[in-house]
$ cat model.txt   # compact mmCIF, C-alpha atoms and all ligand atoms
# COMPACT_ATOMS: atom_id res chain seq x y z
CA MET A 1 0.00 0.00 0.00
CA THR A 2 1.17 3.54 -0.82
CA PRO A 3 1.37 6.15 1.91
CA HIS A 4 -1.02 8.44 0.07
CA PRO A 5 -4.28 7.52 -1.66
CA CYS A 6 -4.26 7.63 -5.48
CA PRO A 7 -5.22 11.08 -6.73
CA ASP A 8 -8.15 11.86 -8.97
CA LEU A 9 -7.18 11.09 -12.60
CA GLU A 10 -8.25 14.55 -13.76
CA LEU A 11 -5.92 16.12 -11.20
CA LEU A 12 -3.14 13.72 -12.19
CA PHE A 13 -3.41 14.66 -15.87
CA THR A 14 -3.64 18.35 -15.05
CA GLU A 15 -0.39 18.07 -13.14
CA LEU A 16 1.06 16.04 -15.99
CA GLU A 17 0.33 18.99 -18.32
CA ALA A 18 1.87 21.37 -15.80
CA GLY A 19 4.87 19.10 -15.38
CA GLU A 20 4.83 19.10 -11.58
CA GLY A 21 2.61 18.54 -8.56
CA PRO A 22 1.98 16.24 -5.62
CA SER A 23 -0.07 13.83 -7.75
CA LEU A 24 2.89 13.41 -10.14
CA ASP A 25 5.15 12.83 -7.18
CA HIS A 26 2.69 10.18 -6.03
CA ALA A 27 2.59 8.58 -9.49
CA ALA A 28 6.40 8.29 -9.44
CA GLU A 29 6.06 6.09 -6.38
CA CYS A 30 2.78 4.35 -7.24
CA GLU A 31 2.80 1.48 -9.70
CA ALA A 32 -0.90 1.81 -10.57
CA CYS A 33 -0.70 5.55 -11.29
CA ALA A 34 2.52 5.09 -13.24
CA ALA A 35 0.73 2.50 -15.38
CA ILE A 36 -2.15 4.94 -15.98
CA LEU A 37 0.28 7.70 -16.94
CA GLU A 38 2.16 5.35 -19.30
CA GLU A 39 -1.11 4.31 -20.93
CA HIS A 40 -2.08 7.96 -21.28
CA ARG A 41 1.32 8.77 -22.80
CA LEU A 42 0.99 5.99 -25.40
CA MET A 43 -2.58 7.02 -26.26
CA GLU A 44 -1.48 10.63 -26.65
CA GLN A 45 1.36 9.51 -28.88
CA ASP A 46 -1.11 7.66 -31.13
CA LEU A 47 -3.37 10.71 -31.27
CA TYR A 48 -0.46 12.94 -32.27
CA ARG A 49 0.52 10.43 -34.92
CA LEU A 50 -3.03 10.49 -36.33
CA ALA A 51 -3.26 14.28 -36.27
CA ASP A 52 0.33 14.90 -37.39
CA PRO A 53 0.14 17.26 -40.35
CA LEU A 54 3.77 16.67 -41.27
CA PRO A 55 4.14 14.00 -43.99
CA PRO A 56 6.69 11.24 -43.53
CA PRO A 57 10.02 11.91 -45.26
CA SER A 58 9.27 9.20 -47.83
CA LEU A 59 5.97 10.79 -48.85
CA VAL A 60 7.29 12.66 -51.90
CA ALA A 61 9.04 9.58 -53.22
CA ASN A 62 5.91 7.49 -52.61
CA VAL A 63 3.68 9.99 -54.40
CA MET A 64 6.05 10.25 -57.34
CA ALA A 65 6.17 6.46 -57.62
CA ARG A 66 2.38 6.29 -57.50
CA VAL A 67 2.03 9.01 -60.15
CA ALA A 68 4.51 7.21 -62.39
CA ALA A 69 2.67 3.91 -61.94
CA GLU A 70 -0.77 5.39 -62.57
CA PRO A 71 -2.12 5.37 -66.13
CA VAL A 72 -2.72 8.63 -67.95
CA PRO A 73 -6.21 9.98 -67.21
CA GLN A 74 -8.72 8.11 -69.33
CA ARG A 75 -10.28 11.22 -70.87
CA ARG A 76 -6.97 12.35 -72.34
CA GLU A 77 -6.47 8.87 -73.76
CA VAL A 78 -9.91 8.97 -75.36
CA TRP A 79 -9.15 12.26 -77.10
CA SER A 80 -5.77 11.00 -78.20
CA GLY A 81 -7.39 7.90 -79.70
CA VAL A 82 -10.16 9.95 -81.33
CA ALA A 83 -7.56 12.28 -82.86
CA ILE A 84 -5.69 9.31 -84.33
CA LEU A 85 -8.90 7.81 -85.69
CA LEU A 86 -10.00 11.13 -87.24
CA THR A 87 -6.58 11.67 -88.80
CA SER A 88 -6.72 8.18 -90.26
CA LEU A 89 -10.24 8.70 -91.62
CA LEU A 90 -9.37 12.12 -93.12
CA GLY A 91 -6.26 10.61 -94.71
CA GLY A 92 -8.31 7.81 -96.21
CA LEU A 93 -10.94 10.27 -97.46
CA GLY A 94 -8.25 12.48 -99.02
CA TYR A 95 -6.70 9.50 -100.77
CA LEU A 96 -10.08 8.40 -102.13
CA LEU A 97 -10.75 11.93 -103.45
CA MET A 98 -7.35 12.01 -105.14
CA ASN A 99 -8.07 8.57 -106.52
CA ASP A 100 -11.40 9.83 -107.91
CA GLN A 101 -9.51 12.56 -109.76
CA ALA A 102 -7.20 9.95 -111.22
CA LEU A 103 -10.22 7.88 -112.22
CA GLY A 104 -11.75 11.01 -113.79
CA ARG A 105 -8.62 11.59 -115.90
CA LEU A 106 -8.77 7.95 -116.89
CA GLY A 107 -12.40 8.43 -117.97
CA THR A 108 -11.40 11.43 -120.14
CA GLN A 109 -8.67 9.37 -121.79
CA VAL A 110 -11.12 6.53 -122.38
CA ALA A 111 -13.56 8.99 -123.99
CA ALA A 112 -10.80 10.41 -126.25
CA PHE A 113 -9.76 6.95 -127.37
CA MET A 114 -13.39 6.03 -128.02
CA VAL A 115 -13.74 9.09 -130.27
CA GLU A 116 -10.65 8.05 -132.23
CA GLY A 117 -12.09 4.65 -132.91
CA PRO A 118 -13.66 1.53 -131.52
CA GLN A 119 -10.51 -0.42 -132.36
CA PHE A 120 -8.78 1.27 -129.41
CA ILE A 121 -11.42 0.24 -126.92
CA ASP A 122 -9.92 -3.17 -126.23
CA GLY A 123 -6.47 -1.68 -125.62
CA VAL A 124 -7.89 1.09 -123.46
CA LEU A 125 -9.91 -1.37 -121.44
CA SER A 126 -6.88 -3.56 -120.81
CA GLY A 127 -4.91 -0.43 -119.86
CA ALA A 128 -7.71 0.61 -117.53
CA HIS A 129 -7.73 -2.86 -116.10
CA ALA A 130 -4.00 -2.61 -115.39
CA LEU A 131 -4.51 0.81 -113.77
CA TRP A 132 -7.35 -0.58 -111.70
CA ALA A 133 -5.12 -3.40 -110.57
CA THR A 134 -2.37 -0.94 -109.58
CA ALA A 135 -4.80 1.45 -107.91
CA GLY A 136 -6.51 -1.47 -106.22
CA LEU A 137 -3.19 -2.58 -104.78
CA ALA A 138 -2.49 0.96 -103.59
CA VAL A 139 -5.95 1.20 -102.02
CA ALA A 140 -5.49 -2.16 -100.38
CA SER A 141 -2.11 -1.07 -99.00
CA PHE A 142 -3.58 2.17 -97.74
CA LEU A 143 -6.56 0.43 -96.18
CA THR A 144 -4.14 -1.89 -94.37
CA PHE A 145 -2.24 1.15 -93.09
CA LEU A 146 -5.57 2.74 -92.13
CA LEU A 147 -6.60 -0.40 -90.25
CA LEU A 148 -3.29 -0.53 -88.40
CA THR A 149 -3.44 3.13 -87.36
CA SER A 150 -7.06 2.70 -86.29
CA LEU A 151 -6.09 -0.35 -84.26
CA TYR A 152 -3.29 1.70 -82.71
CA GLY A 153 -5.87 4.34 -81.80
CA LEU A 154 -8.17 1.73 -80.29
CA LYS A 155 -5.26 0.22 -78.43
CA ARG A 156 -4.47 3.64 -76.99
CA LEU A 157 -8.13 3.97 -76.01
CA ALA A 158 -8.09 0.64 -74.23
CA GLY A 159 -4.52 0.31 -73.00
CA GLY A 160 -3.83 3.55 -71.18
CA VAL A 161 -0.18 3.63 -72.24
CA PRO A 162 1.47 6.83 -71.01
CA THR A 163 2.69 9.14 -73.77
CA PRO A 164 6.35 10.20 -73.80
CA SER A 165 5.32 13.73 -72.77
CA GLU A 166 3.49 12.30 -69.76
CA ALA A 167 6.46 10.24 -68.68
ZN ZN P 201 -1.51 5.83 -7.11
$ encode --input "model.txt" --output "structure tokens"
Amino acid sequence: MTPHPCPDLELLFTELEAGEGPSLDHAAECEACAAILEEHRLMEQDLYRLADPLPPPSLVANVMARVAAEPVPQRREVWSGVAILLTSLLGGLGYLLMNDQALGRLGTQVAAFMVEGPQFIDGVLSGAHALWATAGLAVASFLTFLLLTSLYGLKRLAGGVPTPSEA
């Protein structure tokens, strides 16, 4: 048994804040009060840790790592993909228009040959056939390119690969 009765806890904590007092002196001698003070100290430590506004020293590194690991915001990716798709479509449209002009010139040549005589028709038709074959190959090549660029755009839409500027 201690020589003095244990003080009121409120008084003990008040003296703890003040740093001195008879209750603190008692707690230094009393095992039970010392245990209460130790528990209070640990609880206070936890509270400070929860309320601590200062970030840990590793916070910046952690945030940077998280930012680097995160995909580019989806909306930006969507616009990037849409831009690629539109560019591809405009390119294809432009090529088809140019091709129409070429076909128009071909039609004029065909008409001129037809005026000169029906005997040229066979030759013109075979020439046109050759041109069609060549143009067809070009169109097929371009459509393949178009498909690949469109797939790249779709892949960007779906994949979320960071652009070099983002990295
Ligand atoms: Zn006590």
$ residues_near_ligand --input "model.txt" --ligand "ligand ZN 201 (chain P)" --cutoff "9 Å" --atoms "all atoms listed in the file" --output "PyMOL selection string"
chain A and resi 2+4-7+23+26-34+36
$ closest_atom_pairs --input "model.txt" --of "range 66-93 of chain A" --to "range 140-148 of chain A" --cutoff "8 Å" --atoms "all atoms listed in the file" --output "JSON lines"
{"residue": "A:Ser88", "atom": "CA", "partner": "A:Leu146", "partner_atom": "CA", "distance": 5.9}
{"residue": "A:Leu89", "atom": "CA", "partner": "A:Leu146", "partner_atom": "CA", "distance": 7.6}
{"residue": "A:Gly92", "atom": "CA", "partner": "A:Leu146", "partner_atom": "CA", "distance": 7.1}
$ residues_around --input "model.txt" --residues "Gly153 in chain A" --least-positions-apart "2" --cutoff "8 Å" --atoms "all atoms listed in the file" --output "PDB file with C-alpha atoms, in the coordinates of the input"
ATOM      1  CA  SER A  80      -5.770  11.000 -78.200  1.00  0.00           C
ATOM      2  CA  GLY A  81      -7.390   7.900 -79.700  1.00  0.00           C
ATOM      3  CA  VAL A  82     -10.160   9.950 -81.330  1.00  0.00           C
ATOM      4  CA  ILE A  84      -5.690   9.310 -84.330  1.00  0.00           C
ATOM      5  CA  LEU A  85      -8.900   7.810 -85.690  1.00  0.00           C
ATOM      6  CA  THR A 149      -3.440   3.130 -87.360  1.00  0.00           C
ATOM      7  CA  SER A 150      -7.060   2.700 -86.290  1.00  0.00           C
ATOM      8  CA  LEU A 151      -6.090  -0.350 -84.260  1.00  0.00           C
ATOM      9  CA  LYS A 155      -5.260   0.220 -78.430  1.00  0.00           C
ATOM     10  CA  ARG A 156      -4.470   3.640 -76.990  1.00  0.00           C
ATOM     11  CA  LEU A 157      -8.130   3.970 -76.010  1.00  0.00           C
TER      12      LEU A 157
END
$ atom_distance --input "model.txt" --atom1 "CA of Leu137 in chain A" --atom2 "CA of Asn99 in chain A"
12.3 Å
$ residues_around --input "model.txt" --residues "range 39-46 of chain A" --least-positions-apart "6" --cutoff "12 Å" --atoms "all atoms listed in the file" --output "ChimeraX atom specification"
/A:9-10,12-13,16-17,32-33,52
$ atom_distance --input "model.txt" --atom1 "CA of Ala69 in chain A" --atom2 "CA of Ala51 in chain A"
28.3 Å
$ atom_distance --input "model.txt" --atom1 "CA of Leu37 in chain A" --atom2 "CA of Glu20 in chain A"
13.4 Å
